[in-house]
Amino acid sequence: MSSLTIAIIVAFVIGYFFIAIESVTKINKAAIALLMFVVCWTLFMIDPTGLVTSLAGVDHSEVAGKVGKIIEEHLGETGTTLFFLMGAMTIVELVDQNGGFNFVKDTLKTKSKRSLLWRIAFMTFILSAILDNLTTSIVMIMILRKLVKEKKDRIIYASLVIIAANSGGAFSPIGDVTTIMLWNKGVITAAGVITEILIPSLISMVIPAYILSLSLKGELVAPSSKKASGGEDDYLTASQRKIIFCLGVGGLIFVPIFKTITHLPPFVGILLVLGVLWTVTETMYRHLEHDDSDGMQKRVSRMLTRIDMSTILFFLGILMAVGCLQTIGVLAQLGEGLNIWFDGNHYIVTGIIGVLSSIVDNVPLVAGCMGMYPVQAAGDMAIDGVFWQLLAYCAGVGGSMLIIGSAAGVVVMGLEKITFGWYMKKITWVAFVGYLAGIVSYWLLRTFIF
């Protein structure tokens with residue numbers, strides 16, 4: 001490993017450290033992530049031909065252009081995530097502002113704090129298997145804001161949303177980006193991952209939910225009713241609100257179907273749903289006067305101005321910095337080293353990969369594993385073998401251990417302003433216990449049942 005490679009890794013670690021102590025430094029994590037991204041790639045440009053073997057024989061005058069294309073490829077992959085995030089956040093906010101979640105809120109409504117926790121946990125778990133964990137997290141946070149007034153209680157529920165969303169996405173072939181990657185690659189089948197990973201995923205959610213329920217006692221204090229937050233106005237009829245809900249939530253469910261039919265990236269489907277919903281709501285609000293400020297606030301054009309750009313830029317910085325590590329081959333070397341160090345024990349290897357997925361993005365980790373480990377005709381590396389199924393479980397569920405370890409965690413962190421330090425102190429060990437319990441249950445299932 002060259003000194004320049006070590007310098008890039010050090011820059012990433014330092015940046016990650018300052019993100020972790022955001023509550024101490026009071027410096028927004030997005031600023032640190034952007035600096036980390038730029039520093040990593042600036043160091044990369046000192047000697048790109050020495051870091052990437054494919055650039056070794058390229059003429060010096062063409063190196064900058066080649067590197068530019070590499071960065072653009074990473075930016076393109078990152079951009080699909082960012083546009084998906086912006087589209088999903090806008091759709092959910094639009095449905096929420098126009099009262100679309102009112103009846104869902106009424107369905108979940110209960111006075112008991114513990115009862116609400118279990119209802120939220122199972123609804124999140126189920127929805128994240130159908131939708132993606134990012135969209136599910138946004139939906140559930142919007143509902144929680146209507147049900148839970150006290151901030152200290154709501155962040156506990158929000159933390160469980162992260163755990164349940166990641167667990168629910170791990171057993172579904174369309175529930176998480178990594179399971180989609182493994183499914184498309186053909187190393188796992190839909191039937192195999194559902195039947196064998198469902199129980200471990202469920203256990204990884206139920207155990208943390210039980211532990212967190214012990215910290216919740218008594219009854220909920222309902223949030224005060226506000227006109228702006230519940231759609232309690234005369235602008236739309238009850239049937240129009242239901243139309244918005246059906247188009248919004250139904251559209252989110254339609255996104256993976258659209259991807260399957262057209263083979264286009266998921267962000268194209270989310271933009272299709274946003275475009276349809278935008279057109280429909282503009283038609284509903286066309287009778288309003290332009291000086292009607294309350295009504296105008298509920299239109300998409302106004303909601304777009306309220307998108308949390310710091311969360312978007314944080315995503316950009318983190319994913320592009322990880323892209324630099326991927327380009328110089330650090331992630332692939334790490335995976336190969338794990339396989340050698342632990343003598344092919346795939347329970348330990350995938351378990352550590354899962355822990356690493358809470359630190360760096362799980363997508364390049366899984367991509368590196370797919371490129372590094374060949375599919376075999378039989379054994380742990382066969383289709384639906386132990387390695388590939390555990391990789392789907394560990395890469396998905398492992399992201400819950402740190403709040404920036406998954407897309408769900410990052411978006412909840414931004415929406416509820418949960419600090420890295422609080423989550424690490426209160427939730428990390430809880431998620432880790434559930435994570436290990438899921439791996440043990442998978443071993444028992446593979447040993448004595450399947």
# chains A, B, ... in the order shown; residues from 1 in each chain; ligands from 1

$ select_by_dssp --residues "segment 153-325 of chain A" --states "helix (DSSP H, G or I)" --output "PyMOL selection string"
chain A and resi 153-170+177-185+190-213+227-230+238-262+266-284+293-296+300-306+309-325

$ residues_around --residues "Ile141 of chain A" --least-positions-apart "3" --cutoff "9 Å" --atoms "only C-alpha atoms" --output "PyMOL selection string"
chain A and resi 136-138+144-146+154+157-158+161+412+415-416

$ residues_around --residues "Ile71 of chain A" --least-positions-apart "5" --cutoff "10 Å" --atoms "only C-alpha atoms" --output "count of residues only"
9

$ residues_around --residues "segment 392-396 of chain A" --least-positions-apart "4" --cutoff "9 Å" --atoms "only C-alpha atoms" --output "ChimeraX atom specification"
/A:166-171,176-179,182,188,193,197,200-201,350-358,362-363,365-366,387-388,400,406,435,438-439

$ closest_residue --among "A:Leu272, A:Met89, A:Ile8, A:Ile19" --to "Phe420 of chain A" --atoms "only C-alpha atoms"
A:Ile19

$ residues_around --residues "Phe122 of chain A" --least-positions-apart "6" --cutoff "12 Å" --atoms "only C-alpha atoms" --output "list in words"
Leu108, Ser115, Leu116, Ser128, Ala129, Thr136, Met140, Leu160, Val161, Ile163, Ala164, Ala165, Ser167, Gly168, Ser201, Leu202, Ile203, Met205, Val206 and Ala209 of chain A

$ write_last_selection --atoms "all heavy atoms" --output "tab-separated table (two decimals), in the first residue's frame"
chain	number	residue	atom	x	y	z
A	108	LEU	N	-52.71	3.81	13.52
A	108	LEU	CA	-51.62	3.53	14.45
A	108	LEU	C	-51.85	4.14	15.82
A	108	LEU	O	-51.17	3.78	16.78
A	108	LEU	CB	-50.30	4.08	13.89
A	108	LEU	CG	-49.73	3.39	12.65
A	108	LEU	CD1	-48.52	4.16	12.15
A	108	LEU	CD2	-49.34	1.96	12.98
A	115	SER	N	-47.18	0.20	23.07
A	115	SER	CA	-48.03	-0.31	22.01
A	115	SER	C	-47.71	0.37	20.68
A	115	SER	O	-47.63	-0.28	19.63
A	115	SER	CB	-49.50	-0.09	22.37
A	115	SER	OG	-50.35	-0.52	21.33
A	116	LEU	N	-47.50	1.69	20.74
A	116	LEU	CA	-47.15	2.42	19.52
A	116	LEU	C	-45.81	1.93	18.97
A	116	LEU	O	-45.65	1.79	17.75
A	116	LEU	CB	-47.07	3.92	19.81
A	116	LEU	CG	-46.64	4.80	18.62
A	116	LEU	CD1	-47.64	4.70	17.47
A	116	LEU	CD2	-46.46	6.25	19.06
A	128	SER	N	-40.90	-1.69	4.41
A	128	SER	CA	-39.55	-1.62	3.83
A	128	SER	C	-39.25	-2.82	2.95
A	128	SER	O	-38.32	-2.78	2.13
A	128	SER	CB	-38.49	-1.52	4.94
A	128	SER	OG	-38.49	-2.69	5.74
A	129	ALA	N	-40.01	-3.90	3.10
A	129	ALA	CA	-39.84	-5.05	2.21
A	129	ALA	C	-40.50	-4.80	0.86
A	129	ALA	O	-40.13	-5.40	-0.15
A	129	ALA	CB	-40.44	-6.30	2.85
A	136	THR	N	-39.49	4.29	3.10
A	136	THR	CA	-40.25	3.86	4.27
A	136	THR	C	-39.91	4.71	5.48
A	136	THR	O	-40.80	5.11	6.24
A	136	THR	CB	-39.95	2.38	4.58
A	136	THR	OG1	-40.31	1.58	3.46
A	136	THR	CG2	-40.71	1.91	5.80
A	140	MET	N	-42.57	6.96	7.70
A	140	MET	CA	-42.81	6.70	9.11
A	140	MET	C	-42.45	7.89	10.00
A	140	MET	O	-43.11	8.13	11.02
A	140	MET	CB	-42.03	5.46	9.56
A	140	MET	CG	-42.42	4.17	8.84
A	140	MET	SD	-44.20	3.86	8.82
A	140	MET	CE	-44.52	3.62	10.56
A	160	LEU	N	-35.77	3.22	16.13
A	160	LEU	CA	-36.32	1.90	15.82
A	160	LEU	C	-36.77	1.82	14.37
A	160	LEU	O	-36.68	0.76	13.74
A	160	LEU	CB	-37.50	1.59	16.75
A	160	LEU	CG	-38.14	0.21	16.55
A	160	LEU	CD1	-37.12	-0.91	16.77
A	160	LEU	CD2	-39.34	0.02	17.48
A	161	VAL	N	-37.23	2.95	13.81
A	161	VAL	CA	-37.59	2.99	12.39
A	161	VAL	C	-36.38	2.63	11.54
A	161	VAL	O	-36.49	1.86	10.57
A	161	VAL	CB	-38.13	4.39	12.02
A	161	VAL	CG1	-38.16	4.57	10.49
A	161	VAL	CG2	-39.54	4.58	12.58
A	163	ILE	N	-33.76	0.76	12.41
A	163	ILE	CA	-33.48	-0.67	12.59
A	163	ILE	C	-34.49	-1.52	11.83
A	163	ILE	O	-34.13	-2.46	11.10
A	163	ILE	CB	-33.48	-1.03	14.09
A	163	ILE	CG1	-32.33	-0.32	14.80
A	163	ILE	CG2	-33.38	-2.54	14.28
A	163	ILE	CD1	-32.36	-0.44	16.31
A	164	ALA	N	-35.78	-1.21	12.00
A	164	ALA	CA	-36.83	-2.00	11.36
A	164	ALA	C	-36.79	-1.87	9.84
A	164	ALA	O	-37.03	-2.84	9.12
A	164	ALA	CB	-38.20	-1.56	11.89
A	165	ALA	N	-36.48	-0.68	9.33
A	165	ALA	CA	-36.41	-0.47	7.88
A	165	ALA	C	-35.27	-1.27	7.27
A	165	ALA	O	-35.43	-1.91	6.22
A	165	ALA	CB	-36.26	1.02	7.57
A	167	SER	N	-33.83	-3.97	8.60
A	167	SER	CA	-34.12	-5.39	8.76
A	167	SER	C	-35.15	-5.87	7.75
A	167	SER	O	-35.03	-6.94	7.17
A	167	SER	CB	-34.62	-5.67	10.20
A	167	SER	OG	-33.61	-5.40	11.14
A	168	GLY	N	-36.19	-5.07	7.54
A	168	GLY	CA	-37.23	-5.44	6.59
A	168	GLY	C	-36.74	-5.49	5.16
A	168	GLY	O	-37.19	-6.31	4.36
A	201	SER	N	-34.01	-11.73	9.89
A	201	SER	CA	-34.32	-10.30	9.79
A	201	SER	C	-35.35	-9.89	10.83
A	201	SER	O	-35.24	-8.82	11.45
A	201	SER	CB	-34.84	-9.98	8.39
A	201	SER	OG	-33.85	-10.20	7.41
A	202	LEU	N	-36.35	-10.72	11.01
A	202	LEU	CA	-37.40	-10.44	12.00
A	202	LEU	C	-36.81	-10.40	13.41
A	202	LEU	O	-37.12	-9.51	14.21
A	202	LEU	CB	-38.50	-11.49	11.91
A	202	LEU	CG	-39.79	-11.24	12.71
A	202	LEU	CD1	-40.45	-9.96	12.26
A	202	LEU	CD2	-40.74	-12.42	12.57
A	203	ILE	N	-35.93	-11.35	13.70
A	203	ILE	CA	-35.29	-11.39	15.02
A	203	ILE	C	-34.43	-10.15	15.24
A	203	ILE	O	-34.39	-9.58	16.33
A	203	ILE	CB	-34.45	-12.67	15.16
A	203	ILE	CG1	-35.37	-13.89	15.30
A	203	ILE	CG2	-33.49	-12.60	16.35
A	203	ILE	CD1	-34.67	-15.22	15.28
A	205	MET	N	-34.96	-7.29	14.30
A	205	MET	CA	-35.83	-6.15	14.59
A	205	MET	C	-36.53	-6.31	15.93
A	205	MET	O	-36.63	-5.36	16.72
A	205	MET	CB	-36.86	-5.98	13.47
A	205	MET	CG	-37.82	-4.81	13.67
A	205	MET	SD	-39.28	-5.19	14.67
A	205	MET	CE	-40.20	-6.25	13.57
A	206	VAL	N	-37.02	-7.52	16.23
A	206	VAL	CA	-37.82	-7.75	17.43
A	206	VAL	C	-37.01	-7.55	18.70
A	206	VAL	O	-37.49	-6.93	19.66
A	206	VAL	CB	-38.45	-9.16	17.40
A	206	VAL	CG1	-39.08	-9.50	18.74
A	206	VAL	CG2	-39.51	-9.25	16.30
A	209	ALA	N	-36.38	-3.94	19.38
A	209	ALA	CA	-37.66	-3.32	19.73
A	209	ALA	C	-38.03	-3.61	21.18
A	209	ALA	O	-38.50	-2.72	21.91
A	209	ALA	CB	-38.76	-3.82	18.79

$ residues_around --residues "Ile328 of chain A" --least-positions-apart "5" --cutoff "8 Å" --atoms "only C-alpha atoms" --output "list in words"
Thr5, Leu51 and Val52 of chain A

$ write_last_selection --atoms "N, CA, C and O atoms" --output "CSV table (one decimal), in the first residue's frame"
chain,number,residue,atom,x,y,z
A,5,THR,N,-2.0,6.2,-0.9
A,5,THR,CA,-3.2,5.5,-0.5
A,5,THR,C,-3.4,5.6,1.0
A,5,THR,O,-4.6,5.9,1.4
A,51,LEU,N,-2.1,4.9,-8.5
A,51,LEU,CA,-3.1,4.4,-7.7
A,51,LEU,C,-4.1,3.5,-8.4
A,51,LEU,O,-4.7,2.6,-7.8
A,52,VAL,N,-4.3,3.7,-9.7
A,52,VAL,CA,-5.2,2.9,-10.5
A,52,VAL,C,-4.4,2.2,-11.6
A,52,VAL,O,-3.9,2.9,-12.5

$ closest_residue --among "A:Ile427, A:Ile348, A:Ile418, A:Ala408" --to "Val386 of chain A" --atoms "only C-alpha atoms"
A:Ile348

$ closest_atom_pairs --of "segment 257-278 of chain A" --to "segment 79-88 of chain A" --cutoff "8 Å" --atoms "only C-alpha atoms" --output "JSON lines"
{"residue": "A:Pro265", "atom": "CA", "partner": "A:Thr80", "partner_atom": "CA", "distance": 7.5}
{"residue": "A:Pro266", "atom": "CA", "partner": "A:Phe84", "partner_atom": "CA", "distance": 7.1}
{"residue": "A:Phe267", "atom": "CA", "partner": "A:Phe84", "partner_atom": "CA", "distance": 4.5}
{"residue": "A:Val268", "atom": "CA", "partner": "A:Phe84", "partner_atom": "CA", "distance": 7.9}
{"residue": "A:Ile270", "atom": "CA", "partner": "A:Gly87", "partner_atom": "CA", "distance": 5.9}
{"residue": "A:Leu271", "atom": "CA", "partner": "A:Gly87", "partner_atom": "CA", "distance": 6.0}
{"residue": "A:Leu274", "atom": "CA", "partner": "A:Gly87", "partner_atom": "CA", "distance": 6.4}

$ closest_residue --among "A:Leu4, A:Ile21, A:Ile143, A:Val411" --to "Thr311 of chain A" --atoms "only C-alpha atoms"
A:Val411

$ atom_distance --atom1 "atom CA of Leu214 of chain A" --atom2 "atom CA of Ala437 of chain A"
18.6 Å

$ closest_residue --among "A:Lys113, A:Cys40, A:Asn345, A:Ile404" --to "Met381 of chain A" --atoms "only C-alpha atoms"
A:Asn345

$ residues_around --residues "Val10 of chain A" --least-positions-apart "3" --cutoff "12 Å" --atoms "only C-alpha atoms" --output "list in words"
Ser3, Leu4, Thr5, Ile6, Ala7, Val13, Ile14, Gly15, Tyr16, Phe17, Met36, Val39, Cys40, Leu43, Ala321 and Leu325 of chain A

$ decode --residues "segment 236-250 of chain A" --atoms "N, CA and C atoms" --output "compact mmCIF listing (two decimals), in the first residue's frame"
# COMPACT_ATOMS: atom_id res chain seq x y z
N LEU A 236 -59.05 21.22 0.17
CA LEU A 236 -59.31 19.96 -0.51
C LEU A 236 -60.43 19.20 0.18
N THR A 237 -61.17 18.44 -0.60
CA THR A 237 -62.21 17.58 -0.05
C THR A 237 -61.58 16.29 0.46
N ALA A 238 -62.36 15.51 1.22
CA ALA A 238 -61.86 14.23 1.73
C ALA A 238 -61.48 13.29 0.59
N SER A 239 -62.25 13.29 -0.47
CA SER A 239 -61.94 12.42 -1.61
C SER A 239 -60.66 12.85 -2.32
N GLN A 240 -60.42 14.16 -2.38
CA GLN A 240 -59.18 14.65 -3.01
C GLN A 240 -57.96 14.25 -2.18
N ARG A 241 -58.10 14.29 -0.85
CA ARG A 241 -56.99 13.86 0.01
C ARG A 241 -56.68 12.38 -0.20
N LYS A 242 -57.74 11.58 -0.34
CA LYS A 242 -57.54 10.15 -0.57
C LYS A 242 -56.87 9.89 -1.91
N ILE A 243 -57.23 10.71 -2.92
CA ILE A 243 -56.59 10.59 -4.24
C ILE A 243 -55.10 10.87 -4.12
N ILE A 244 -54.76 11.92 -3.38
CA ILE A 244 -53.34 12.28 -3.20
C ILE A 244 -52.60 11.17 -2.47
N PHE A 245 -53.24 10.59 -1.45
CA PHE A 245 -52.61 9.49 -0.72
C PHE A 245 -52.39 8.29 -1.62
N CYS A 246 -53.41 7.92 -2.38
CA CYS A 246 -53.30 6.75 -3.25
C CYS A 246 -52.24 6.95 -4.33
N LEU A 247 -52.20 8.16 -4.89
CA LEU A 247 -51.19 8.44 -5.92
C LEU A 247 -49.79 8.46 -5.32
N GLY A 248 -49.66 9.04 -4.11
CA GLY A 248 -48.35 9.14 -3.49
C GLY A 248 -47.81 7.80 -3.03
N VAL A 249 -48.55 7.14 -2.14
CA VAL A 249 -48.09 5.86 -1.59
C VAL A 249 -48.15 4.76 -2.65
N GLY A 250 -49.23 4.75 -3.44
CA GLY A 250 -49.33 3.77 -4.52
C GLY A 250 -48.21 3.95 -5.53
